[in-house]
>>> print(open('input-v3.cif').read())   # mmCIF, N, CA and C atoms
data_final
#
loop_
_atom_site.label_atom_id
_atom_site.label_comp_id
_atom_site.auth_asym_id
_atom_site.auth_seq_id
_atom_site.Cartn_x
_atom_site.Cartn_y
_atom_site.Cartn_z
N LEU A 121 1.51 1.96 19.84
CA LEU A 121 0.89 1.07 20.79
C LEU A 121 0.79 1.75 22.15
N LEU A 122 -0.35 1.62 22.77
CA LEU A 122 -0.53 2.21 24.09
C LEU A 122 0.26 1.45 25.15
N ASP A 123 0.43 0.14 24.94
CA ASP A 123 1.19 -0.68 25.87
C ASP A 123 2.19 -1.51 25.06
N PRO A 124 3.34 -0.92 24.73
CA PRO A 124 4.28 -1.60 23.83
C PRO A 124 5.05 -2.77 24.45
N GLU A 125 5.18 -2.81 25.76
CA GLU A 125 6.00 -3.82 26.42
C GLU A 125 5.68 -5.25 26.01
N PRO A 126 4.42 -5.68 25.97
CA PRO A 126 4.14 -7.08 25.61
C PRO A 126 4.49 -7.41 24.15
N HIS A 127 4.76 -6.39 23.36
CA HIS A 127 5.02 -6.61 21.94
C HIS A 127 6.50 -6.49 21.59
N ASP A 128 7.34 -6.29 22.58
CA ASP A 128 8.77 -6.13 22.34
C ASP A 128 9.32 -7.33 21.58
N HIS A 129 9.94 -7.08 20.45
CA HIS A 129 10.53 -8.07 19.56
C HIS A 129 9.51 -8.99 18.88
N ALA A 130 8.24 -8.68 19.01
CA ALA A 130 7.21 -9.49 18.35
C ALA A 130 7.14 -9.12 16.88
N VAL A 131 6.75 -10.08 16.07
CA VAL A 131 6.58 -9.86 14.64
C VAL A 131 5.14 -10.21 14.31
N TYR A 132 4.46 -9.29 13.65
CA TYR A 132 3.07 -9.49 13.28
C TYR A 132 2.90 -9.29 11.78
N THR A 133 2.11 -10.13 11.17
CA THR A 133 1.72 -9.86 9.79
C THR A 133 0.46 -9.02 9.84
N LEU A 134 0.44 -7.98 9.02
CA LEU A 134 -0.68 -7.05 9.01
C LEU A 134 -1.39 -7.14 7.67
N HIS A 135 -2.68 -7.41 7.71
CA HIS A 135 -3.46 -7.57 6.49
C HIS A 135 -4.69 -6.69 6.55
N GLY A 136 -5.21 -6.40 5.38
CA GLY A 136 -6.46 -5.65 5.31
C GLY A 136 -7.65 -6.56 5.52
N PRO A 137 -8.84 -5.96 5.44
CA PRO A 137 -10.05 -6.74 5.70
C PRO A 137 -10.40 -7.71 4.57
N VAL A 138 -9.89 -7.46 3.37
CA VAL A 138 -10.08 -8.37 2.24
C VAL A 138 -8.77 -8.44 1.46
N GLU A 139 -8.54 -9.56 0.85
CA GLU A 139 -7.33 -9.71 0.03
C GLU A 139 -7.68 -9.32 -1.41
N GLN A 140 -6.89 -8.43 -1.98
CA GLN A 140 -7.09 -7.99 -3.36
C GLN A 140 -5.76 -7.99 -4.10
N ASN A 141 -5.81 -8.33 -5.38
CA ASN A 141 -4.62 -8.20 -6.20
C ASN A 141 -4.61 -6.78 -6.80
N HIS A 142 -3.56 -6.44 -7.53
CA HIS A 142 -3.42 -5.09 -8.08
C HIS A 142 -4.58 -4.73 -9.01
N HIS A 143 -5.04 -5.68 -9.79
CA HIS A 143 -6.13 -5.40 -10.73
C HIS A 143 -7.44 -5.14 -9.99
N GLU A 144 -7.68 -5.88 -8.92
CA GLU A 144 -8.88 -5.65 -8.11
C GLU A 144 -8.80 -4.31 -7.36
N ILE A 145 -7.61 -3.94 -6.94
CA ILE A 145 -7.42 -2.67 -6.24
C ILE A 145 -7.76 -1.51 -7.18
N VAL A 146 -7.22 -1.53 -8.41
CA VAL A 146 -7.50 -0.41 -9.31
C VAL A 146 -8.96 -0.41 -9.76
N GLU A 147 -9.58 -1.57 -9.83
CA GLU A 147 -11.01 -1.62 -10.14
C GLU A 147 -11.82 -0.93 -9.04
N THR A 148 -11.46 -1.20 -7.80
CA THR A 148 -12.12 -0.55 -6.66
C THR A 148 -11.87 0.96 -6.69
N MET A 149 -10.62 1.35 -6.90
CA MET A 149 -10.28 2.76 -6.95
C MET A 149 -11.04 3.48 -8.06
N SER A 150 -11.09 2.86 -9.22
CA SER A 150 -11.80 3.44 -10.36
C SER A 150 -13.27 3.66 -10.04
N GLY A 151 -13.88 2.68 -9.37
CA GLY A 151 -15.28 2.80 -8.99
C GLY A 151 -15.53 3.95 -8.04
N VAL A 152 -14.65 4.14 -7.07
CA VAL A 152 -14.81 5.22 -6.09
C VAL A 152 -14.55 6.57 -6.75
N LEU A 153 -13.49 6.65 -7.55
CA LEU A 153 -13.08 7.92 -8.15
C LEU A 153 -13.93 8.31 -9.36
N GLY A 154 -14.56 7.31 -9.98
CA GLY A 154 -15.37 7.60 -11.16
C GLY A 154 -14.54 7.91 -12.39
N ILE A 155 -13.29 7.47 -12.39
CA ILE A 155 -12.40 7.66 -13.54
C ILE A 155 -11.64 6.36 -13.78
N PRO A 156 -11.15 6.16 -14.99
CA PRO A 156 -10.36 4.94 -15.23
C PRO A 156 -9.05 4.98 -14.43
N VAL A 157 -8.74 3.88 -13.81
CA VAL A 157 -7.45 3.73 -13.12
C VAL A 157 -6.85 2.45 -13.68
N HIS A 158 -5.59 2.53 -14.06
CA HIS A 158 -4.94 1.38 -14.71
C HIS A 158 -3.74 0.92 -13.89
N TYR A 159 -3.50 -0.35 -13.94
CA TYR A 159 -2.31 -0.94 -13.32
C TYR A 159 -1.46 -1.54 -14.42
N GLU A 160 -0.22 -1.14 -14.48
CA GLU A 160 0.73 -1.70 -15.43
C GLU A 160 1.95 -2.16 -14.64
N PRO A 161 2.18 -3.47 -14.58
CA PRO A 161 3.32 -3.96 -13.79
C PRO A 161 4.66 -3.50 -14.38
N ILE A 162 5.56 -3.15 -13.47
CA ILE A 162 6.94 -2.84 -13.84
C ILE A 162 7.84 -3.61 -12.89
N SER A 163 9.11 -3.70 -13.23
CA SER A 163 10.04 -4.41 -12.36
C SER A 163 10.29 -3.60 -11.09
N ILE A 164 10.75 -4.28 -10.08
CA ILE A 164 11.06 -3.61 -8.82
C ILE A 164 12.17 -2.59 -9.05
N GLU A 165 13.11 -2.90 -9.92
CA GLU A 165 14.19 -1.97 -10.22
C GLU A 165 13.65 -0.70 -10.87
N GLU A 166 12.70 -0.85 -11.82
CA GLU A 166 12.08 0.32 -12.45
C GLU A 166 11.33 1.15 -11.42
N PHE A 167 10.61 0.47 -10.53
CA PHE A 167 9.86 1.13 -9.46
C PHE A 167 10.80 1.94 -8.58
N ALA A 168 11.90 1.32 -8.14
CA ALA A 168 12.86 2.00 -7.27
C ALA A 168 13.48 3.20 -7.97
N THR A 169 13.84 3.05 -9.22
CA THR A 169 14.42 4.15 -10.00
C THR A 169 13.44 5.31 -10.11
N ALA A 170 12.18 5.00 -10.40
CA ALA A 170 11.16 6.05 -10.52
C ALA A 170 10.97 6.78 -9.20
N MET A 171 11.01 6.05 -8.09
CA MET A 171 10.87 6.70 -6.79
C MET A 171 12.05 7.63 -6.51
N ARG A 172 13.25 7.17 -6.83
CA ARG A 172 14.44 8.02 -6.63
C ARG A 172 14.36 9.27 -7.50
N GLU A 173 13.93 9.11 -8.75
CA GLU A 173 13.81 10.25 -9.67
C GLU A 173 12.80 11.27 -9.17
N ARG A 174 11.83 10.82 -8.40
CA ARG A 174 10.83 11.73 -7.84
C ARG A 174 11.25 12.28 -6.48
N GLY A 175 12.49 11.97 -6.08
CA GLY A 175 13.04 12.56 -4.87
C GLY A 175 12.70 11.88 -3.57
N HIS A 176 12.22 10.64 -3.64
CA HIS A 176 11.88 9.94 -2.40
C HIS A 176 13.14 9.50 -1.66
N ASP A 177 13.03 9.49 -0.36
CA ASP A 177 14.10 9.09 0.54
C ASP A 177 14.55 7.66 0.25
N GLU A 178 15.86 7.42 0.31
CA GLU A 178 16.40 6.09 0.00
C GLU A 178 15.87 5.02 0.94
N HIS A 179 15.64 5.37 2.20
CA HIS A 179 15.07 4.41 3.14
C HIS A 179 13.69 3.96 2.68
N LEU A 180 12.85 4.89 2.22
CA LEU A 180 11.52 4.55 1.72
C LEU A 180 11.63 3.68 0.47
N VAL A 181 12.54 4.04 -0.43
CA VAL A 181 12.74 3.26 -1.66
C VAL A 181 13.12 1.82 -1.30
N GLN A 182 14.07 1.66 -0.39
CA GLN A 182 14.50 0.32 0.01
C GLN A 182 13.36 -0.44 0.68
N HIS A 183 12.64 0.23 1.57
CA HIS A 183 11.54 -0.43 2.27
C HIS A 183 10.47 -0.90 1.28
N LEU A 184 10.01 -0.02 0.42
CA LEU A 184 8.94 -0.40 -0.51
C LEU A 184 9.40 -1.42 -1.54
N SER A 185 10.67 -1.37 -1.91
CA SER A 185 11.21 -2.40 -2.81
C SER A 185 11.17 -3.77 -2.14
N ASN A 186 11.53 -3.82 -0.86
CA ASN A 186 11.47 -5.08 -0.12
C ASN A 186 10.04 -5.55 0.09
N VAL A 187 9.13 -4.61 0.32
CA VAL A 187 7.71 -4.95 0.43
C VAL A 187 7.23 -5.57 -0.88
N ALA A 188 7.67 -5.02 -2.01
CA ALA A 188 7.27 -5.56 -3.32
C ALA A 188 7.75 -6.99 -3.49
N VAL A 189 8.97 -7.28 -3.06
CA VAL A 189 9.49 -8.65 -3.12
C VAL A 189 8.65 -9.57 -2.23
N ASP A 190 8.36 -9.10 -1.02
CA ASP A 190 7.53 -9.91 -0.11
C ASP A 190 6.15 -10.15 -0.70
N TYR A 191 5.59 -9.13 -1.33
CA TYR A 191 4.27 -9.28 -1.97
C TYR A 191 4.33 -10.36 -3.05
N GLN A 192 5.38 -10.31 -3.88
CA GLN A 192 5.53 -11.32 -4.94
C GLN A 192 5.66 -12.72 -4.35
N ASN A 193 6.25 -12.83 -3.17
CA ASN A 193 6.47 -14.12 -2.53
C ASN A 193 5.31 -14.56 -1.64
N GLY A 194 4.20 -13.82 -1.67
CA GLY A 194 3.01 -14.23 -0.94
C GLY A 194 3.00 -13.92 0.55
N VAL A 195 3.95 -13.12 1.02
CA VAL A 195 4.03 -12.82 2.44
C VAL A 195 2.76 -12.13 2.94
N PHE A 196 2.11 -11.35 2.09
CA PHE A 196 0.95 -10.58 2.52
C PHE A 196 -0.38 -11.23 2.13
N ALA A 197 -0.34 -12.46 1.70
CA ALA A 197 -1.57 -13.14 1.30
C ALA A 197 -2.42 -13.42 2.53
N GLY A 198 -3.72 -13.29 2.36
CA GLY A 198 -4.64 -13.62 3.43
C GLY A 198 -5.18 -12.41 4.16
N THR A 199 -5.95 -12.67 5.17
CA THR A 199 -6.51 -11.63 6.03
C THR A 199 -6.34 -12.08 7.48
N ASN A 200 -6.36 -11.12 8.38
CA ASN A 200 -6.37 -11.44 9.81
C ASN A 200 -6.91 -10.24 10.57
N ASP A 201 -6.98 -10.34 11.88
CA ASP A 201 -7.50 -9.24 12.68
C ASP A 201 -6.42 -8.59 13.54
N ASN A 202 -5.16 -8.72 13.14
CA ASN A 202 -4.07 -8.16 13.93
C ASN A 202 -4.14 -6.64 14.03
N ILE A 203 -4.52 -5.96 12.96
CA ILE A 203 -4.59 -4.50 13.01
C ILE A 203 -5.62 -4.07 14.04
N ALA A 204 -6.78 -4.69 14.02
CA ALA A 204 -7.83 -4.34 14.99
C ALA A 204 -7.39 -4.69 16.41
N LYS A 205 -6.77 -5.84 16.59
CA LYS A 205 -6.34 -6.24 17.93
C LYS A 205 -5.24 -5.33 18.46
N LEU A 206 -4.27 -5.00 17.61
CA LEU A 206 -3.13 -4.19 18.05
C LEU A 206 -3.42 -2.70 18.06
N GLY A 207 -4.18 -2.25 17.09
CA GLY A 207 -4.42 -0.82 16.95
C GLY A 207 -5.73 -0.33 17.52
N GLY A 208 -6.60 -1.26 17.89
CA GLY A 208 -7.85 -0.87 18.50
C GLY A 208 -8.94 -0.45 17.53
N GLN A 209 -8.67 -0.54 16.24
CA GLN A 209 -9.70 -0.26 15.25
C GLN A 209 -9.44 -1.09 14.01
N PRO A 210 -10.47 -1.43 13.28
CA PRO A 210 -10.27 -2.30 12.11
C PRO A 210 -9.53 -1.57 11.00
N PRO A 211 -8.84 -2.32 10.15
CA PRO A 211 -8.16 -1.70 9.01
C PRO A 211 -9.18 -1.18 8.01
N LEU A 212 -8.76 -0.20 7.23
CA LEU A 212 -9.61 0.32 6.17
C LEU A 212 -9.50 -0.56 4.94
N SER A 213 -10.59 -0.72 4.25
CA SER A 213 -10.55 -1.37 2.93
C SER A 213 -10.00 -0.35 1.95
N VAL A 214 -9.64 -0.78 0.76
CA VAL A 214 -9.18 0.14 -0.28
C VAL A 214 -10.28 1.16 -0.55
N GLU A 215 -11.51 0.70 -0.66
CA GLU A 215 -12.63 1.60 -0.92
C GLU A 215 -12.76 2.66 0.18
N GLN A 216 -12.69 2.25 1.43
CA GLN A 216 -12.79 3.20 2.54
C GLN A 216 -11.63 4.20 2.51
N TYR A 217 -10.42 3.70 2.26
CA TYR A 217 -9.25 4.58 2.23
C TYR A 217 -9.39 5.63 1.15
N VAL A 218 -9.76 5.22 -0.05
CA VAL A 218 -9.89 6.17 -1.15
C VAL A 218 -10.98 7.18 -0.84
N ARG A 219 -12.12 6.73 -0.37
CA ARG A 219 -13.23 7.65 -0.01
C ARG A 219 -12.80 8.67 1.05
N GLU A 220 -12.04 8.23 2.03
CA GLU A 220 -11.62 9.11 3.11
C GLU A 220 -10.44 10.01 2.73
N ASN A 221 -9.81 9.74 1.59
CA ASN A 221 -8.63 10.51 1.17
C ASN A 221 -8.74 10.98 -0.28
N LEU A 222 -9.93 11.36 -0.70
CA LEU A 222 -10.15 11.75 -2.09
C LEU A 222 -9.18 12.82 -2.58
N SER A 223 -8.84 13.78 -1.73
CA SER A 223 -7.94 14.86 -2.17
C SER A 223 -6.56 14.33 -2.56
N ALA A 224 -6.15 13.20 -1.99
CA ALA A 224 -4.84 12.62 -2.34
C ALA A 224 -4.84 12.04 -3.75
N PHE A 225 -6.02 11.88 -4.33
CA PHE A 225 -6.12 11.27 -5.66
C PHE A 225 -6.49 12.28 -6.74
N GLU A 226 -6.46 13.58 -6.40
CA GLU A 226 -6.74 14.60 -7.40
C GLU A 226 -5.65 14.59 -8.46
N THR A 227 -6.04 14.88 -9.68
CA THR A 227 -5.07 14.84 -10.79
C THR A 227 -4.17 16.06 -10.84
N SER A 228 -4.33 16.98 -9.89
CA SER A 228 -3.45 18.15 -9.89
C SER A 228 -2.55 18.20 -8.66
N GLY A 229 -2.57 17.15 -7.85
CA GLY A 229 -1.79 17.14 -6.63
C GLY A 229 -0.31 16.92 -6.87
N SER A 230 0.46 17.08 -5.80
CA SER A 230 1.92 16.97 -5.90
C SER A 230 2.39 15.56 -6.26
N ARG A 231 1.54 14.57 -6.08
CA ARG A 231 1.93 13.19 -6.39
C ARG A 231 1.39 12.70 -7.73
N PHE A 232 0.69 13.57 -8.44
CA PHE A 232 0.12 13.18 -9.72
C PHE A 232 1.24 13.03 -10.75
N VAL A 233 1.23 11.89 -11.43
CA VAL A 233 2.20 11.64 -12.50
C VAL A 233 1.42 11.35 -13.76
N PRO A 234 1.49 12.27 -14.74
CA PRO A 234 0.73 12.04 -15.99
C PRO A 234 1.25 10.83 -16.74
N ALA A 235 0.36 10.19 -17.48
CA ALA A 235 0.76 9.05 -18.30
C ALA A 235 1.76 9.52 -19.35
N PRO A 236 2.74 8.66 -19.67
CA PRO A 236 3.75 9.06 -20.68
C PRO A 236 3.15 9.18 -22.07
#
>>> encode(input="input-v3.cif", output="structure tokens")
Amino acid sequence: LLDPEPHDHAVYTLHGPVEQNHHEIVETMSGVLGIPVHYEPISIEEFATAMRERGHDEHLVQHLSNVAVDYQNGVFAGTNDNIAKLGGQPPLSVEQYVRENLSAFETSGSRFVPAP
């Protein structure tokens, strides 16, 4: 924030420009990438274990596990303009993000995990 003082101790919910569930997100990703993308739900415990096995920092594992719980509880439902108001630019849609970060989705990158 360029002027953080007015936001001290403030809590903001941050949403994207459209609300999508996991199935809609992978449908969008698949369309942009031109390859099948699948979503298979796993438990938060399985997710956390997989992140630890891949060497992710415990703070990140804890944070994303808590985000997953909040997601299940509807904390992130809806849309708003907080990102644009606070950050000075609108949030990216999933489609925009994938298009702007295509190299992050290459099947040979460091984050690629082949299907079992």
>>> resolve_selection(input="input-v3.cif", expression="the PyMOL selection byres (((chain A and resi 131-142 and name CA) around 8) and name CA)", output="ChimeraX atom specification")
/A:129-130,143-146,159,196-203,210-213
>>> atom_distance(input="input-v3.cif", atom1="atom N of Glu166 of chain A", atom2="atom C of Asn193 of chain A")
18.6 Å
>>> atom_distance(input="input-v3.cif", atom1="atom C of Phe225 of chain A", atom2="atom CA of Ile162 of chain A")
21.4 Å
>>> closest_residue(input="input-v3.cif", among="A:Asp190, A:Leu206, A:Ile164, A:His183", to="Pro126 of chain A", atoms="only C-alpha atoms")
A:Leu206
>>> select_by_dssp(input="input-v3.cif", residues="chain A", states="helix (DSSP H, G or I)", output="MDAnalysis selection string")
chainID A and resid 125:127 142:153 164:173 178:192 202:207 214:220 222:225
>>> closest_residue(input="input-v3.cif", among="A:Leu180, A:Tyr191, A:Leu121, A:Leu153", to="Ser223 of chain A", atoms="only C-alpha atoms")
A:Leu153
